[in-house]
>>> print(open('target_31.cif').read())   # mmCIF, C-alpha atoms (C1' of nucleotides)
data_run
loop_
_atom_site.label_atom_id
_atom_site.label_comp_id
_atom_site.auth_asym_id
_atom_site.auth_seq_id
_atom_site.Cartn_x
_atom_site.Cartn_y
_atom_site.Cartn_z
CA MET A 1 0.00 0.00 0.00
CA PRO A 2 1.31 3.46 -0.86
CA SER A 3 2.72 5.30 2.11
CA ASN A 4 1.20 8.66 2.84
CA ARG A 5 4.35 9.90 4.44
CA LYS A 6 5.69 11.33 1.21
CA ARG A 7 6.20 15.04 0.96
CA ARG A 8 5.73 15.31 -2.76
CA LEU A 9 3.41 14.08 -5.37
CA ARG A 10 3.68 14.01 -9.12
CA LEU A 11 0.35 14.90 -10.67
CA GLN A 12 1.23 12.83 -13.74
CA ASP A 13 1.36 9.71 -11.60
CA TYR A 14 -1.46 10.58 -9.27
CA LEU A 15 -4.23 8.08 -9.72
CA PRO A 16 -7.32 10.24 -9.12
CA TYR A 17 -5.95 12.60 -11.73
CA ARG A 18 -5.24 9.86 -14.26
CA LEU A 19 -8.66 8.38 -13.67
CA SER A 20 -10.39 11.69 -14.17
CA VAL A 21 -8.47 12.51 -17.33
CA ALA A 22 -9.02 9.09 -18.86
CA ALA A 23 -12.71 8.99 -18.01
CA ASN A 24 -13.26 12.46 -19.41
CA ALA A 25 -11.44 11.61 -22.60
CA VAL A 26 -13.60 8.55 -23.09
CA SER A 27 -16.82 10.39 -22.25
CA ARG A 28 -16.06 13.19 -24.62
CA ARG A 29 -15.27 10.81 -27.40
CA ILE A 30 -18.42 8.80 -26.97
CA ALA A 31 -20.57 11.88 -26.47
CA ARG A 32 -19.34 13.27 -29.74
CA ALA A 33 -20.04 10.03 -31.58
CA TYR A 34 -23.60 9.79 -30.27
CA GLU A 35 -24.27 13.42 -30.89
CA ASP A 36 -22.92 13.33 -34.43
CA ARG A 37 -24.68 10.22 -35.58
CA PHE A 38 -27.87 10.19 -33.55
CA GLY A 39 -28.27 13.63 -32.04
CA LEU A 40 -28.30 12.08 -28.59
CA LYS A 41 -26.68 13.25 -25.37
CA ILE A 42 -25.17 10.69 -23.01
CA ALA A 43 -28.05 11.08 -20.55
CA GLN A 44 -30.55 10.41 -23.32
CA TRP A 45 -28.67 7.37 -24.50
CA ARG A 46 -28.66 6.01 -20.96
CA LEU A 47 -32.41 6.28 -20.65
CA ILE A 48 -32.87 4.52 -23.96
CA ALA A 49 -30.47 1.76 -22.98
CA VAL A 50 -32.20 1.10 -19.67
CA LEU A 51 -35.70 1.24 -21.08
CA ALA A 52 -34.75 -1.10 -23.90
CA ASP A 53 -33.31 -3.51 -21.40
CA GLU A 54 -35.95 -3.34 -18.68
CA GLY A 55 -39.13 -2.04 -20.24
CA PRO A 56 -41.22 0.97 -19.10
CA LEU A 57 -40.11 2.68 -15.90
CA THR A 58 -40.89 5.84 -13.97
CA GLN A 59 -38.39 8.67 -13.92
CA GLN A 60 -37.71 7.84 -10.32
CA SER A 61 -36.69 4.30 -11.21
CA LEU A 62 -34.57 5.64 -14.02
CA CYS A 63 -32.71 7.78 -11.52
CA GLY A 64 -31.82 4.65 -9.59
CA ARG A 65 -30.77 2.73 -12.70
CA THR A 66 -28.63 5.44 -14.24
CA LEU A 67 -27.35 7.19 -11.10
CA MET A 68 -28.30 10.51 -12.61
CA ASP A 69 -30.29 13.03 -10.63
CA LYS A 70 -33.96 13.63 -11.22
CA VAL A 71 -33.52 16.91 -13.03
CA THR A 72 -31.11 15.36 -15.49
CA VAL A 73 -33.44 12.45 -16.07
CA MET A 74 -36.38 14.79 -16.49
CA ARG A 75 -34.66 16.90 -19.11
CA ALA A 76 -33.39 13.91 -21.03
CA ALA A 77 -36.85 12.33 -20.99
CA GLN A 78 -38.48 15.55 -22.13
CA ALA A 79 -36.16 15.84 -25.09
CA LEU A 80 -36.75 12.22 -26.08
CA VAL A 81 -40.51 12.57 -25.80
CA ARG A 82 -40.38 15.66 -27.99
CA ARG A 83 -38.39 13.72 -30.56
CA GLY A 84 -40.83 10.87 -30.44
CA LEU A 85 -38.37 8.29 -29.17
CA LEU A 86 -40.16 7.93 -25.84
CA ARG A 87 -43.76 8.20 -24.77
CA ARG A 88 -45.39 8.58 -21.39
CA LEU A 89 -47.79 5.90 -20.25
CA PRO A 90 -50.14 6.71 -17.38
CA ASN A 91 -49.24 5.07 -14.12
CA ARG A 92 -52.28 3.44 -12.55
CA ALA A 93 -50.51 2.78 -9.29
CA ASP A 94 -49.47 6.39 -8.68
CA GLY A 95 -51.05 9.48 -10.17
CA ARG A 96 -47.99 11.62 -9.64
CA SER A 97 -45.81 9.72 -12.02
CA HIS A 98 -45.98 8.10 -15.42
CA ARG A 99 -44.09 5.26 -16.96
CA LEU A 100 -41.71 6.06 -19.77
CA ALA A 101 -41.54 3.67 -22.68
CA LEU A 102 -39.62 3.47 -25.93
CA THR A 103 -41.66 4.09 -29.04
CA ARG A 104 -41.10 1.96 -32.10
CA THR A 105 -38.80 4.69 -33.42
CA GLY A 106 -36.94 4.74 -30.14
CA GLY A 107 -36.46 1.01 -30.37
CA ARG A 108 -35.00 1.38 -33.83
CA VAL A 109 -32.56 4.01 -32.63
CA TYR A 110 -31.50 1.68 -29.84
CA HIS A 111 -30.99 -1.10 -32.28
CA ASP A 112 -28.86 1.13 -34.46
CA ILE A 113 -26.75 2.52 -31.67
CA VAL A 114 -25.87 -0.72 -29.90
CA PRO A 115 -23.20 -1.81 -32.36
CA LEU A 116 -21.53 1.57 -32.09
CA ALA A 117 -21.66 1.42 -28.30
CA LEU A 118 -20.14 -2.04 -28.25
CA GLU A 119 -17.46 -0.95 -30.63
CA HIS A 120 -16.43 1.77 -28.21
CA GLU A 121 -16.30 -0.70 -25.39
CA ALA A 122 -14.24 -3.11 -27.44
CA ARG A 123 -11.82 -0.36 -28.28
CA MET A 124 -11.37 0.45 -24.61
CA LEU A 125 -10.51 -3.13 -23.87
CA ARG A 126 -8.31 -3.80 -26.83
CA GLY A 127 -5.46 -6.07 -25.91
CA MET A 128 -6.90 -7.13 -22.57
CA GLY A 129 -7.79 -10.69 -21.68
CA ALA A 130 -11.02 -11.76 -20.03
CA VAL A 131 -9.30 -11.97 -16.65
CA ASP A 132 -8.05 -8.42 -16.89
CA VAL A 133 -11.47 -7.17 -17.90
CA ALA A 134 -13.08 -8.88 -14.93
CA ARG A 135 -10.44 -7.41 -12.63
CA LEU A 136 -11.11 -4.02 -14.04
CA GLU A 137 -14.85 -4.21 -13.58
CA ARG A 138 -14.39 -5.27 -10.00
CA TRP A 139 -12.07 -2.39 -9.39
CA LEU A 140 -14.46 0.16 -10.86
CA ARG A 141 -17.30 -1.08 -8.72
CA GLN A 142 -15.18 -1.13 -5.62
CA LEU A 143 -14.04 2.37 -6.39
CA GLU A 144 -17.58 3.59 -6.64
CA ARG A 145 -18.47 1.99 -3.33
CA THR A 146 -15.53 3.36 -1.41
CA ALA A 147 -16.00 6.81 -2.92
CA GLN A 148 -19.54 6.81 -1.64
CA GLY A 149 -18.60 5.36 1.75
CA PRO A 150 -17.85 7.21 4.99
CA MET B 1 -12.59 -9.60 -27.18
CA PRO B 2 -16.24 -8.61 -26.83
CA SER B 3 -18.26 -9.28 -29.94
CA ASN B 4 -20.20 -6.37 -31.34
CA ARG B 5 -22.82 -8.62 -32.80
CA LYS B 6 -24.97 -8.56 -29.71
CA ARG B 7 -28.40 -7.02 -29.93
CA ARG B 8 -28.66 -5.90 -26.35
CA LEU B 9 -26.57 -4.21 -23.79
CA ARG B 10 -26.96 -3.92 -20.06
CA LEU B 11 -26.03 -0.43 -18.93
CA GLN B 12 -24.98 -1.80 -15.55
CA ASP B 13 -22.27 -3.85 -17.20
CA TYR B 14 -21.31 -1.37 -19.87
CA LEU B 15 -17.78 -0.28 -19.32
CA PRO B 16 -17.88 3.35 -20.44
CA TYR B 17 -20.80 3.80 -18.09
CA ARG B 18 -19.06 2.14 -15.16
CA LEU B 19 -15.94 4.17 -15.80
CA SER B 20 -17.83 7.42 -15.92
CA VAL B 21 -19.80 6.68 -12.78
CA ALA B 22 -16.75 5.57 -10.83
CA ALA B 23 -14.63 8.50 -11.92
CA ASN B 24 -17.36 10.98 -11.10
CA ALA B 25 -17.88 9.45 -7.68
CA VAL B 26 -14.18 9.73 -6.93
CA SER B 27 -13.95 13.28 -8.28
CA ARG B 28 -16.90 14.44 -6.28
CA ARG B 29 -15.56 12.92 -3.14
CA ILE B 30 -12.15 14.47 -3.50
CA ALA B 31 -13.54 17.81 -4.61
CA ARG B 32 -15.65 17.97 -1.50
CA ALA B 33 -12.70 17.13 0.74
CA TYR B 34 -10.49 19.81 -0.79
CA GLU B 35 -13.26 22.36 -0.76
CA ASP B 36 -14.17 21.69 2.86
CA ARG B 37 -10.70 21.70 4.31
CA PHE B 38 -8.82 24.07 2.06
CA GLY B 39 -11.37 25.99 0.05
CA LEU B 40 -9.77 24.72 -3.15
CA LYS B 41 -11.34 23.50 -6.36
CA ILE B 42 -9.81 20.58 -8.21
CA ALA B 43 -8.39 22.84 -10.91
CA GLN B 44 -6.72 25.00 -8.27
CA TRP B 45 -5.27 21.99 -6.52
CA ARG B 46 -3.83 20.77 -9.79
CA LEU B 47 -2.02 24.02 -10.42
CA ILE B 48 -0.59 23.96 -6.93
CA ALA B 49 0.54 20.36 -7.31
CA VAL B 50 2.32 21.00 -10.59
CA LEU B 51 3.94 24.23 -9.48
CA ALA B 52 5.16 22.61 -6.28
CA ASP B 53 6.63 19.80 -8.29
CA GLU B 54 8.16 21.72 -11.16
CA GLY B 55 8.62 25.30 -10.07
CA PRO B 56 7.31 28.45 -11.80
CA LEU B 57 5.55 27.96 -15.12
CA THR B 58 3.48 29.96 -17.57
CA GLN B 59 -0.23 29.34 -17.86
CA GLN B 60 0.42 27.81 -21.21
CA SER B 61 2.77 25.23 -19.72
CA LEU B 62 0.26 24.54 -17.00
CA CYS B 63 -2.30 23.73 -19.66
CA GLY B 64 0.01 21.07 -21.01
CA ARG B 65 0.79 19.65 -17.60
CA THR B 66 -2.78 19.48 -16.32
CA LEU B 67 -4.65 18.86 -19.58
CA MET B 68 -7.07 21.63 -18.67
CA ASP B 69 -7.90 24.33 -21.17
CA LYS B 70 -6.49 27.79 -20.94
CA VAL B 71 -9.64 29.41 -19.62
CA THR B 72 -9.87 26.93 -16.78
CA VAL B 73 -6.23 27.46 -15.92
CA MET B 74 -6.66 31.19 -16.11
CA ARG B 75 -9.58 31.23 -13.73
CA ALA B 76 -7.94 28.89 -11.26
CA ALA B 77 -4.75 30.96 -11.32
CA GLN B 78 -6.67 34.18 -10.82
CA ALA B 79 -8.43 32.80 -7.76
CA LEU B 80 -5.17 31.54 -6.29
CA VAL B 81 -3.42 34.85 -6.87
CA ARG B 82 -6.30 36.65 -5.18
CA ARG B 83 -5.95 34.35 -2.20
CA GLY B 84 -2.22 34.91 -2.06
CA LEU B 85 -1.26 31.29 -2.78
CA LEU B 86 0.31 32.15 -6.12
CA ARG B 87 2.09 35.16 -7.50
CA ARG B 88 2.93 36.26 -10.99
CA LEU B 89 6.56 36.71 -11.88
CA PRO B 90 7.42 38.68 -15.01
CA ASN B 91 8.62 36.59 -17.89
CA ARG B 92 11.76 38.03 -19.40
CA ALA B 93 11.61 35.71 -22.38
CA ASP B 94 8.08 36.65 -23.43
CA GLY B 95 6.20 39.81 -22.60
CA ARG B 96 2.80 38.28 -23.24
CA SER B 97 3.04 35.81 -20.41
CA HIS B 98 4.18 35.62 -16.84
CA ARG B 99 5.42 32.78 -14.77
CA LEU B 100 3.23 31.61 -11.93
CA ALA B 101 4.90 30.63 -8.70
CA LEU B 102 3.74 29.38 -5.33
CA THR B 103 4.04 31.85 -2.50
CA ARG B 104 5.25 30.71 0.88
CA THR B 105 1.64 30.38 1.96
CA GLY B 106 0.88 28.38 -1.17
CA GLY B 107 3.74 26.06 -0.35
CA ARG B 108 2.33 25.50 3.12
CA VAL B 109 -1.06 24.65 1.70
CA TYR B 110 0.56 22.17 -0.63
CA HIS B 111 2.44 20.62 2.22
CA ASP B 112 -0.79 20.29 4.21
CA ILE B 113 -2.83 18.86 1.40
CA VAL B 114 -0.42 16.19 0.19
CA PRO B 115 -1.14 13.70 2.98
CA LEU B 116 -4.85 14.02 2.34
CA ALA B 117 -4.33 13.51 -1.38
CA LEU B 118 -2.23 10.43 -0.82
CA GLU B 119 -4.78 9.07 1.57
CA HIS B 120 -7.42 9.29 -1.13
CA GLU B 121 -5.17 7.51 -3.56
CA ALA B 122 -4.41 4.78 -1.04
CA ARG B 123 -8.08 4.30 -0.43
CA MET B 124 -8.70 3.84 -4.14
CA LEU B 125 -6.07 1.14 -4.28
CA ARG B 126 -6.95 -0.66 -1.10
CA GLY B 127 -6.49 -4.37 -1.47
CA MET B 128 -4.54 -4.16 -4.71
CA GLY B 129 -1.01 -5.40 -5.14
CA ALA B 130 1.75 -3.47 -6.89
CA VAL B 131 1.29 -5.49 -10.05
CA ASP B 132 -2.39 -4.66 -10.24
CA VAL B 133 -1.68 -1.01 -9.66
CA ALA B 134 0.84 -0.96 -12.48
CA ARG B 135 -1.61 -2.74 -14.76
CA LEU B 136 -4.21 -0.21 -13.91
CA GLU B 137 -2.03 2.78 -14.62
CA ARG B 138 -1.08 1.32 -17.95
CA TRP B 139 -4.71 0.80 -18.80
CA LEU B 140 -5.69 4.35 -17.89
CA ARG B 141 -2.96 5.80 -20.05
CA GLN B 142 -3.81 3.54 -22.93
CA LEU B 143 -7.43 4.51 -22.57
CA GLU B 144 -6.59 8.16 -22.78
CA ARG B 145 -4.52 7.60 -25.88
CA THR B 146 -7.10 5.58 -27.74
CA ALA B 147 -9.86 7.98 -26.77
CA GLN B 148 -7.86 10.77 -28.32
CA GLY B 149 -6.90 8.75 -31.39
CA PRO B 150 -8.64 8.58 -34.79
"C1'" DT C 1 12.24 46.93 -41.39
"C1'" DC C 2 7.73 46.23 -42.23
"C1'" DG C 3 3.47 43.75 -42.96
"C1'" DA C 4 1.18 39.37 -42.19
"C1'" DT C 5 0.41 35.64 -39.10
"C1'" DA C 6 0.52 33.21 -34.74
"C1'" DT C 7 0.39 32.96 -29.74
"C1'" DA C 8 -0.51 34.12 -24.45
"C1'" DG C 9 -3.65 35.77 -21.79
"C1'" DT C 10 -8.17 37.85 -20.94
"C1'" DA C 11 -13.00 39.05 -21.53
"C1'" DA C 12 -17.66 38.34 -23.04
"C1'" DC C 13 -21.16 35.52 -24.07
"C1'" DA C 14 -23.94 31.02 -24.39
"C1'" DA C 15 -24.93 26.38 -22.85
"C1'" DA C 16 -24.91 22.85 -19.30
"C1'" DT C 17 -25.33 21.69 -14.55
"C1'" DG C 18 -26.96 21.57 -9.94
"C1'" DA C 19 -29.52 23.25 -5.75
"C1'" DA C 20 -33.60 24.83 -3.96
"C1'" DA C 21 -38.43 26.17 -4.29
"C1'" DC C 22 -42.87 24.77 -5.95
"C1'" DT C 23 -47.09 21.75 -7.23
"C1'" DA C 24 -49.85 17.90 -7.17
"C1'" DA C 25 -50.69 13.46 -5.51
"C1'" DT C 26 -49.90 10.03 -1.91
"C1'" DG C 27 -49.27 8.12 2.58
"C1'" DT C 28 -49.70 8.35 7.77
"C1'" DA C 29 -51.36 9.35 12.52
"C1'" DC C 30 -54.75 10.31 15.19
"C1'" DG D 1 -61.97 11.72 7.66
"C1'" DT D 2 -58.72 15.51 8.34
"C1'" DA D 3 -54.25 17.63 9.21
"C1'" DC D 4 -49.29 16.67 8.53
"C1'" DA D 5 -45.57 14.85 6.31
"C1'" DT D 6 -43.56 12.66 2.13
"C1'" DT D 7 -42.76 11.80 -2.67
"C1'" DA D 8 -42.70 12.41 -8.10
"C1'" DG D 9 -42.18 15.54 -11.18
"C1'" DT D 10 -41.39 20.25 -12.72
"C1'" DT D 11 -39.73 25.03 -12.63
"C1'" DT D 12 -36.62 28.59 -11.34
"C1'" DC D 13 -32.44 30.52 -10.43
"C1'" DA D 14 -27.50 30.73 -9.53
"C1'" DT D 15 -23.18 28.68 -10.65
"C1'" DT D 16 -20.06 26.32 -13.60
"C1'" DT D 17 -18.24 25.31 -17.93
"C1'" DG D 18 -16.99 25.91 -22.59
"C1'" DT D 19 -16.79 28.54 -26.98
"C1'" DT D 20 -15.78 32.51 -29.34
"C1'" DA D 21 -13.95 37.04 -29.83
"C1'" DC D 22 -10.48 40.44 -28.44
"C1'" DT D 23 -5.82 42.67 -27.13
"C1'" DA D 24 -1.03 42.84 -26.77
"C1'" DT D 25 3.14 40.85 -27.81
"C1'" DA D 26 6.03 37.98 -30.61
"C1'" DT D 27 7.57 35.60 -34.81
"C1'" DC D 28 8.19 34.92 -39.70
"C1'" DG D 29 9.28 36.08 -44.44
"C1'" DA D 30 9.97 39.03 -47.91
#
>>> encode(input="target_31.cif", output="structure tokens")
Amino acid sequence: MPSNRKRRLRLQDYLPYRLSVAANAVSRRIARAYEDRFGLKIAQWRLIAVLADEGPLTQQSLCGRTLMDKVTVMRAAQALVRRGLLRRLPNRADGRSHRLALTRTGGRVYHDIVPLALEHEARMLRGMGAVDVARLERWLRQLERTAQGP
Amino acid sequence: MPSNRKRRLRLQDYLPYRLSVAANAVSRRIARAYEDRFGLKIAQWRLIAVLADEGPLTQQSLCGRTLMDKVTVMRAAQALVRRGLLRRLPNRADGRSHRLALTRTGGRVYHDIVPLALEHEARMLRGMGAVDVARLERWLRQLERTAQGP
DNA sequence: TCGATATAGTAACAAATGAAACTAATGTAC
DNA sequence: GTACATTAGTTTCATTTGTTACTATATCGA
């Protein structure tokens, strides 16, 4: 384990910095690709991905699934509804909310974007074996947990 | 290597998503810590770290070292100068720029913040061996490169 | 040496983000 | 059942962030 008795620190080798820079580079790249080809923001793509995978959900549930806050989800949903990729179904169980569902057009967009998304993932993992990938995923999840922790 | 012939994709297991979420969680956590204890933003901390490590530099050089754009660097520098943690030295070689240097107070802040920074790093790496850490660093740098690439 | 072009730093503006207030519906305690 | 508190969704507003335009200096090429 790294000692914290050092007096100096090289930003270039400092892990939180490297993580932030790498993650931002990846996000930017993907955001640009989605924007260019589909006119979608990352938040919008996330809603589509979750709804395609799980079926209709309330905005509240989407917050939980995507870890985005409710305002972000709301704005993304609004834009998608306007574009006709999502529609709002009434929610019998709770009059305050509605369930968001992909339209047929939304489903097509999903179908078109998946290969691109997977390509980006593959590119990120180029040259890594399955063991490394698993290690990596574990690390990212652990990171998230400890960052949230006390 | 992951096939890109799949039709579906689970956001929870999608690497760019996991990376983004993890990196944001870490950034937020660290940002809060620096803000609370030192009143510093991440950008400001980065300038301090680089200047402590390398000595006086122009804003332009700081852009290269921190991978932040010139406006971000400018604003961070301005705030630090106002607070008396940095000062501007004239630049003989080029009248358009000045060299930014830590003041004595700035140096003290750096000295105080380093243990906290290293603690955060150690926490991120808890339970990982040196080999894993090296693997990780390599991956992050590779990621950055390929995200920039064509 | 002079005119054109490029660069460092700054300023001004526009878009994205996040926190808090607000509204309508629901749930709870008595 | 009625008051009180809570929750889902939306709106509003302040802050942050990024893009573009501007100014002063420097560099390049006749």
>>> calpha_fit_and_write(input="target_31.cif", fixed="chain B", moving="chain A", output="tab-separated table (two decimals) with C-alpha atoms, keeping the file's coordinate frame")
chain	number	residue	atom	x	y	z
A	1	MET	CA	-12.44	-9.44	-27.41
A	2	PRO	CA	-16.12	-8.61	-26.96
A	3	SER	CA	-18.18	-9.26	-30.05
A	4	ASN	CA	-20.13	-6.33	-31.37
A	5	ARG	CA	-22.73	-8.55	-32.89
A	6	LYS	CA	-24.91	-8.47	-29.81
A	7	ARG	CA	-28.32	-6.92	-30.06
A	8	ARG	CA	-28.60	-5.86	-26.47
A	9	LEU	CA	-26.54	-4.18	-23.89
A	10	ARG	CA	-26.93	-3.92	-20.16
A	11	LEU	CA	-26.02	-0.43	-19.01
A	12	GLN	CA	-25.00	-1.82	-15.62
A	13	ASP	CA	-22.28	-3.86	-17.27
A	14	TYR	CA	-21.30	-1.37	-19.91
A	15	LEU	CA	-17.75	-0.28	-19.31
A	16	PRO	CA	-17.86	3.36	-20.46
A	17	TYR	CA	-20.79	3.81	-18.12
A	18	ARG	CA	-19.08	2.14	-15.17
A	19	LEU	CA	-15.95	4.16	-15.80
A	20	SER	CA	-17.85	7.41	-15.92
A	21	VAL	CA	-19.82	6.68	-12.77
A	22	ALA	CA	-16.78	5.57	-10.81
A	23	ALA	CA	-14.65	8.50	-11.92
A	24	ASN	CA	-17.38	10.97	-11.08
A	25	ALA	CA	-17.90	9.45	-7.67
A	26	VAL	CA	-14.22	9.73	-6.91
A	27	SER	CA	-13.97	13.28	-8.25
A	28	ARG	CA	-16.92	14.45	-6.26
A	29	ARG	CA	-15.57	12.93	-3.11
A	30	ILE	CA	-12.16	14.47	-3.49
A	31	ALA	CA	-13.55	17.81	-4.59
A	32	ARG	CA	-15.64	17.97	-1.47
A	33	ALA	CA	-12.70	17.13	0.76
A	34	TYR	CA	-10.48	19.81	-0.77
A	35	GLU	CA	-13.22	22.36	-0.73
A	36	ASP	CA	-14.16	21.68	2.87
A	37	ARG	CA	-10.70	21.69	4.32
A	38	PHE	CA	-8.79	24.07	2.08
A	39	GLY	CA	-11.35	25.99	0.06
A	40	LEU	CA	-9.74	24.72	-3.12
A	41	LYS	CA	-11.33	23.51	-6.34
A	42	ILE	CA	-9.80	20.57	-8.18
A	43	ALA	CA	-8.38	22.84	-10.89
A	44	GLN	CA	-6.70	24.99	-8.25
A	45	TRP	CA	-5.26	21.98	-6.50
A	46	ARG	CA	-3.83	20.76	-9.79
A	47	LEU	CA	-2.02	24.01	-10.42
A	48	ILE	CA	-0.56	23.95	-6.94
A	49	ALA	CA	0.55	20.35	-7.32
A	50	VAL	CA	2.30	20.99	-10.63
A	51	LEU	CA	3.94	24.20	-9.52
A	52	ALA	CA	5.17	22.58	-6.33
A	53	ASP	CA	6.63	19.75	-8.34
A	54	GLU	CA	8.12	21.68	-11.25
A	55	GLY	CA	8.61	25.25	-10.14
A	56	PRO	CA	7.29	28.42	-11.86
A	57	LEU	CA	5.52	27.93	-15.18
A	58	THR	CA	3.45	29.96	-17.60
A	59	GLN	CA	-0.27	29.33	-17.87
A	60	GLN	CA	0.36	27.82	-21.25
A	61	SER	CA	2.71	25.23	-19.78
A	62	LEU	CA	0.22	24.55	-17.04
A	63	CYS	CA	-2.37	23.75	-19.67
A	64	GLY	CA	-0.06	21.09	-21.05
A	65	ARG	CA	0.73	19.65	-17.63
A	66	THR	CA	-2.82	19.49	-16.34
A	67	LEU	CA	-4.72	18.88	-19.59
A	68	MET	CA	-7.12	21.63	-18.65
A	69	ASP	CA	-8.01	24.34	-21.12
A	70	LYS	CA	-6.59	27.82	-20.91
A	71	VAL	CA	-9.73	29.42	-19.57
A	72	THR	CA	-9.92	26.93	-16.73
A	73	VAL	CA	-6.28	27.45	-15.92
A	74	MET	CA	-6.70	31.21	-16.06
A	75	ARG	CA	-9.61	31.24	-13.65
A	76	ALA	CA	-7.93	28.88	-11.23
A	77	ALA	CA	-4.75	30.95	-11.30
A	78	GLN	CA	-6.67	34.17	-10.77
A	79	ALA	CA	-8.40	32.79	-7.72
A	80	LEU	CA	-5.12	31.54	-6.26
A	81	VAL	CA	-3.38	34.84	-6.87
A	82	ARG	CA	-6.22	36.66	-5.15
A	83	ARG	CA	-5.87	34.33	-2.18
A	84	GLY	CA	-2.16	34.88	-2.07
A	85	LEU	CA	-1.21	31.28	-2.77
A	86	LEU	CA	0.33	32.12	-6.14
A	87	ARG	CA	2.12	35.14	-7.51
A	88	ARG	CA	2.95	36.23	-11.02
A	89	LEU	CA	6.58	36.68	-11.94
A	90	PRO	CA	7.40	38.67	-15.07
A	91	ASN	CA	8.56	36.60	-17.98
A	92	ARG	CA	11.69	38.08	-19.52
A	93	ALA	CA	11.56	35.78	-22.51
A	94	ASP	CA	8.02	36.71	-23.55
A	95	GLY	CA	6.15	39.86	-22.65
A	96	ARG	CA	2.75	38.34	-23.25
A	97	SER	CA	2.98	35.85	-20.46
A	98	HIS	CA	4.16	35.63	-16.88
A	99	ARG	CA	5.40	32.77	-14.81
A	100	LEU	CA	3.23	31.59	-11.97
A	101	ALA	CA	4.90	30.61	-8.74
A	102	LEU	CA	3.78	29.35	-5.36
A	103	THR	CA	4.10	31.83	-2.54
A	104	ARG	CA	5.33	30.68	0.83
A	105	THR	CA	1.70	30.36	1.91
A	106	GLY	CA	0.93	28.36	-1.19
A	107	GLY	CA	3.79	26.04	-0.38
A	108	ARG	CA	2.41	25.50	3.09
A	109	VAL	CA	-1.01	24.65	1.71
A	110	TYR	CA	0.61	22.14	-0.62
A	111	HIS	CA	2.47	20.61	2.23
A	112	ASP	CA	-0.73	20.29	4.22
A	113	ILE	CA	-2.80	18.85	1.42
A	114	VAL	CA	-0.40	16.17	0.21
A	115	PRO	CA	-1.12	13.70	3.00
A	116	LEU	CA	-4.83	14.03	2.37
A	117	ALA	CA	-4.33	13.52	-1.35
A	118	LEU	CA	-2.23	10.43	-0.78
A	119	GLU	CA	-4.78	9.08	1.61
A	120	HIS	CA	-7.42	9.29	-1.09
A	121	GLU	CA	-5.19	7.49	-3.51
A	122	ALA	CA	-4.43	4.79	-0.98
A	123	ARG	CA	-8.11	4.32	-0.36
A	124	MET	CA	-8.73	3.84	-4.07
A	125	LEU	CA	-6.13	1.14	-4.21
A	126	ARG	CA	-6.99	-0.64	-1.03
A	127	GLY	CA	-6.53	-4.35	-1.39
A	128	MET	CA	-4.60	-4.17	-4.64
A	129	GLY	CA	-1.06	-5.41	-5.07
A	130	ALA	CA	1.71	-3.49	-6.79
A	131	VAL	CA	1.24	-5.52	-9.96
A	132	ASP	CA	-2.43	-4.68	-10.14
A	133	VAL	CA	-1.73	-1.01	-9.59
A	134	ALA	CA	0.81	-0.97	-12.40
A	135	ARG	CA	-1.65	-2.75	-14.68
A	136	LEU	CA	-4.25	-0.22	-13.83
A	137	GLU	CA	-2.05	2.76	-14.54
A	138	ARG	CA	-1.11	1.31	-17.88
A	139	TRP	CA	-4.73	0.78	-18.72
A	140	LEU	CA	-5.71	4.34	-17.82
A	141	ARG	CA	-2.97	5.77	-19.97
A	142	GLN	CA	-3.81	3.52	-22.86
A	143	LEU	CA	-7.42	4.50	-22.52
A	144	GLU	CA	-6.57	8.15	-22.72
A	145	ARG	CA	-4.48	7.59	-25.82
A	146	THR	CA	-7.05	5.57	-27.69
A	147	ALA	CA	-9.82	7.98	-26.74
A	148	GLN	CA	-7.81	10.77	-28.27
A	149	GLY	CA	-6.82	8.75	-31.33
A	150	PRO	CA	-8.52	8.62	-34.74
>>> closest_residue(input="target_31.cif", among="A:Val26, A:Met74, A:Leu19, A:Ala33", to="chain D", atoms="all atoms listed in the file")
A:Met74
>>> interface_residues(input="target_31.cif", of="chain B", to="chain D", cutoff="9 Å", atoms="only C-alpha atoms (C1' of nucleotides)", output="ChimeraX atom specification")
/B:71-72,94-97
>>> write_last_selection(input="target_31.cif", atoms="C-alpha atoms", output="PDB file, in the coordinates of the input")
ATOM      1  CA  VAL B  71      -9.640  29.410 -19.620  1.00  0.00           C
ATOM      2  CA  THR B  72      -9.870  26.930 -16.780  1.00  0.00           C
ATOM      3  CA  ASP B  94       8.080  36.650 -23.430  1.00  0.00           C
ATOM      4  CA  GLY B  95       6.200  39.810 -22.600  1.00  0.00           C
ATOM      5  CA  ARG B  96       2.800  38.280 -23.240  1.00  0.00           C
ATOM      6  CA  SER B  97       3.040  35.810 -20.410  1.00  0.00           C
TER       7      SER B  97
END
>>> closest_residue(input="target_31.cif", among="B:Gln142, B:Phe38, B:Val73, B:Ala49", to="chain C", atoms="all atoms listed in the file")
B:Val73
>>> resolve_selection(input="target_31.cif", expression="the PyMOL selection byres ((chain C) within 12 of (chain A))", output="PyMOL selection string")
chain C and resi 16-19+23-27
>>> residues_around(input="target_31.cif", residues="stretch 7-12 of chain B", least_positions_apart="3", cutoff="7 Å", atoms="only C-alpha atoms (C1' of nucleotides)", output="list of chain:residue names")
A:Ala49, A:Val50, A:Asp53, A:His111, A:Val114, B:Tyr17
>>> residues_around(input="target_31.cif", residues="B:Ala43", least_positions_apart="6", cutoff="9 Å", atoms="all atoms listed in the file", output="list in words")
Thr66, Met68, Thr72, Val73, Arg75, Ala76 and Ala77 of chain B
>>> resolve_selection(input="target_31.cif", expression="the PyMOL selection byres ((chain B) within 8 of (chain A))", output="PyMOL selection string")
chain B and resi 1-12+14-16+18-27+29+46+49-50+53+65-67+111+114-115+118-119+121-130+136-137+140-141+143-144+146-148
